[in-house]
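Peer 1: One structure is given below, represented as structure tokens, and several questions about it will come after.
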Amino acid sequence: MRFVVLFLVSSCCLPSFAAAKLPATLLPLVHQLYADQGREFTIQQTQEQLLENQFLLSQAKRFNPDILKRQSNVGFSTQYHIDKFLTDALIDWFPALENVKKQAFPLTINSAQMKSLLGKYPADGLYQAEQLLKWQQVKLTHVSLLSLEQVMLSQSMQNRFKLHQGDAALLSAIVDQHLYQQAVFKAALPFLNQQALSLEQLQQVVAGELLRPSMLAYLGVKEEMHGATSEYVEALRAEIPNQAIATYYSKHKSRFRYIKKVSASAAKFTASQDAEQFRAYAQAHSWQQAVHKFAPALVWQSEPKPLTRKSKPKWETQLAFSNKQDQITPSIRTPDGQWLILISTAAVYDYYDTQSETVRYQALRALTQRFAKAKFEQQYQAWKKANNGMVL
């Protein structure tokens with residue numbers, strides 16, 4: 001029932017007049033950033049994107065909080081990406097920040113001490129609470145409170161592995177970059193004050209922008225790479241009734257047409273030259289005339305034989321089904337080292353049964369995304385109404 005209600009809401013809803021707002025001075029800055037990235041957004045589109053991003057951020061906190069720390073076990077932390085993105089954005093917005101220069105700060109530990117403190121890289125890539133507590137006490141410079149724990153939790157798997165091996169040059173580069181970013185953030189405060197903006201607001205804006213693709217995939221609005229789906233999407237899929245699948249099948253039956261049978265004939269040769277000669281003659285005259293003239297070894301028989309997908313031999317049958325109708329293939333090297341020429345004719349078409357796995361898979365895939373989009377829109381509009389005021 002909920003599935004039907006959401007579809008009705010999606011098809012009937014009007015534009016929301018909820019007054020969710022963003023700081024007026026923020027829009028020109030982000031609009032400029034989008035333009036620099038080649039994204040041709042209007043101010044209105046920029047505002048809508050930013051509002052959607054904040055909604056997605058709220059959904060992340062509710063359904064997928066782990067993503068707020070790290071999007072991938074092998075990648076950098078989310079905060080690492082936020083700091084990197086925001087540093088570049090601030091310099092783009094306020095060119096005077098280019099005067100902030102990166103400095104080199106001496107480390108409080110050397111390579112041998114790194115190896116001793118970090119030990120061997122864990123096989124599962126995870127750290128124990130005791131380790132993190134120990135590293136928390138290790139301050140890496142005399143000019144900041146940046147700890148070894150903060151660095152280890154922010155880095156990618158590849159960088160952490162190098163740090164375990166005592167790569168002091170890498171640790172120094174990480175520390176210098178972090179302190180440079182903090183210096184940029186501090187120097188940006190007067191410019192942000194003039195815009196009535198805070199660093200925390202911009203960090204939230206950047207977080208929403210960075211997490212947007214992952215959260216749209218998590219919520220099922222966009223498809224995940226490699227066809228993976230989240231628990232959230234699986235729960236939505238479980239709500240789709242069989243009647244919806246049957247209706248989808250009726251509306252899109254042409255998509256479920258397939259070749260049930262195909263007639264084919266194939267000739268095998270030990271030499272590539274003989275196969276090419278046969279093919280050239282068959283194209284110039286006919287398949288039957290070529291068979292009569294060259295008398296090749298035939299896979300089935302001279303007359304095209306009706307095949308099903310279970311026919312033998314399997315490799316040649318698969319080729320017959322994939323080949324275009326009435327087309328002679330080029331000479332193809334077979335698994336047993338011979339050369340094969342094949343022609344497919346007289347395809348017989350049918351439709352997958354509505355209960356087949358093919359129909360269910362394709363229907364559920366399409367319906368889940370439609371359901372997810374409807375639910376997204378419904379919850380997004382409700383969120384805007386609930387946030388009748390500034391959302392940052």
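Chain lettering (A, B, ...) mirrors the order of the structure tokens, residue numbering begins at 1 for each chain separately, and ligand numbering begins at 1 in order of display.
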Would you return as JSON, numbers by chain the members of stretch 138-331 of chain A that DSSP assigns to strand (DSSP E) on this structure's backbone?

Peer 2: {"A": [257, 258, 259, 260, 261, 262, 263, 264, 265, 266, 267, 268, 269, 297, 298, 305, 306, 307]}

Peer 1: Export C-alpha atoms of the chosen residues as a PDB file, in the first residue's frame?

Peer 2:
ATOM      1  CA  ARG A 257      11.497 -10.239 -26.343  1.00  0.00           C
ATOM      2  CA  TYR A 258      14.279 -12.728 -26.950  1.00  0.00           C
ATOM      3  CA  ILE A 259      15.467 -15.204 -29.568  1.00  0.00           C
ATOM      4  CA  LYS A 260      14.049 -18.587 -28.633  1.00  0.00           C
ATOM      5  CA  LYS A 261      15.404 -20.514 -31.607  1.00  0.00           C
ATOM      6  CA  VAL A 262      17.758 -19.819 -34.465  1.00  0.00           C
ATOM      7  CA  SER A 263      18.709 -21.864 -37.512  1.00  0.00           C
ATOM      8  CA  ALA A 264      22.436 -22.033 -38.179  1.00  0.00           C
ATOM      9  CA  SER A 265      25.146 -23.829 -40.106  1.00  0.00           C
ATOM     10  CA  ALA A 266      28.861 -23.748 -39.377  1.00  0.00           C
ATOM     11  CA  ALA A 267      32.004 -24.989 -41.135  1.00  0.00           C
ATOM     12  CA  LYS A 268      35.357 -25.739 -39.487  1.00  0.00           C
ATOM     13  CA  PHE A 269      38.838 -25.550 -40.982  1.00  0.00           C
ATOM     14  CA  ALA A 297      33.736 -30.292 -41.883  1.00  0.00           C
ATOM     15  CA  LEU A 298      30.289 -29.158 -40.723  1.00  0.00           C
ATOM     16  CA  LYS A 305      19.585 -26.446 -38.318  1.00  0.00           C
ATOM     17  CA  PRO A 306      17.077 -25.068 -35.781  1.00  0.00           C
ATOM     18  CA  LEU A 307      18.881 -24.612 -32.465  1.00  0.00           C
TER      19      LEU A 307
END

Peer 1: What's around A:Asn159 at 12 Å? Count only C-alpha atoms, leave out sequence neighbours fewer than 2 positions away in its own chain, and write the answer as a list in words.

Peer 2: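 My reading of the contact set: Val74, Gly75, Phe76, Ser77, Tyr121, Gly125, Val151, Met152, Leu153, Ser154, Gln155, Ser156, Met157, Phe161, Lys162, Leu163, His164, Gln165, Gly166, Asp167, Ala168, Ala169, Leu170, Leu171, Ala173 and Ile174 of chain A.
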
Peer 1: With only C-alpha atoms as the atoms that count, which of A:His292, A:Arg160, A:Lys84, A:Lys134 lies nearest to A:His178?

Peer 2: A:Lys84

Peer 1: Find the residue from A:Gln204, A:Gln181, A:Thr308, A:Thr345 that sits nearest to A:Phe55; use only C-alpha atoms when measuring.

Peer 2: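 Nearest candidate to A:Phe55 out of A:Gln204, A:Gln181, A:Thr308, A:Thr345: A:Gln204.
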
Peer 1: Which residues come within 12 Å of A:Glu200, counting only C-alpha atoms, excluding same-chain residues fewer than 6 positions away, as a PyMOL selection string?

Peer 2: chain A and resi 82-83+86+185+189+192+206-207+392

Peer 1: Mind giving me the straight-line distance from atom CA of A:Ala123 to atom CA of A:Gln71 in Å, one decimal?

Peer 2: 20.0 Å

Peer 1: Which residues come within 10 Å of A:Arg237, counting only C-alpha atoms, excluding same-chain residues fewer than 5 positions away, as a PyMOL selection string?

Peer 2: chain A and resi 3+220+231-232+364-365+367-369+371-372

Peer 1: Determine the nearest neighbour of A:Asn99 from the options A:Thr46, A:Ala187, A:Gln177, A:Leu148, counting only C-alpha atoms.

Peer 2: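 Under the stated criterion, the closest residue is A:Ala187.
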
Peer 1: Would you mind listing what lies within 7 Å of stretch 51-53 of chain A as a ChimeraX atom specification, with only C-alpha atoms counted and same-chain residues fewer than 3 positions away left out?

Peer 2: /A:47-48,56-57,208-209,212
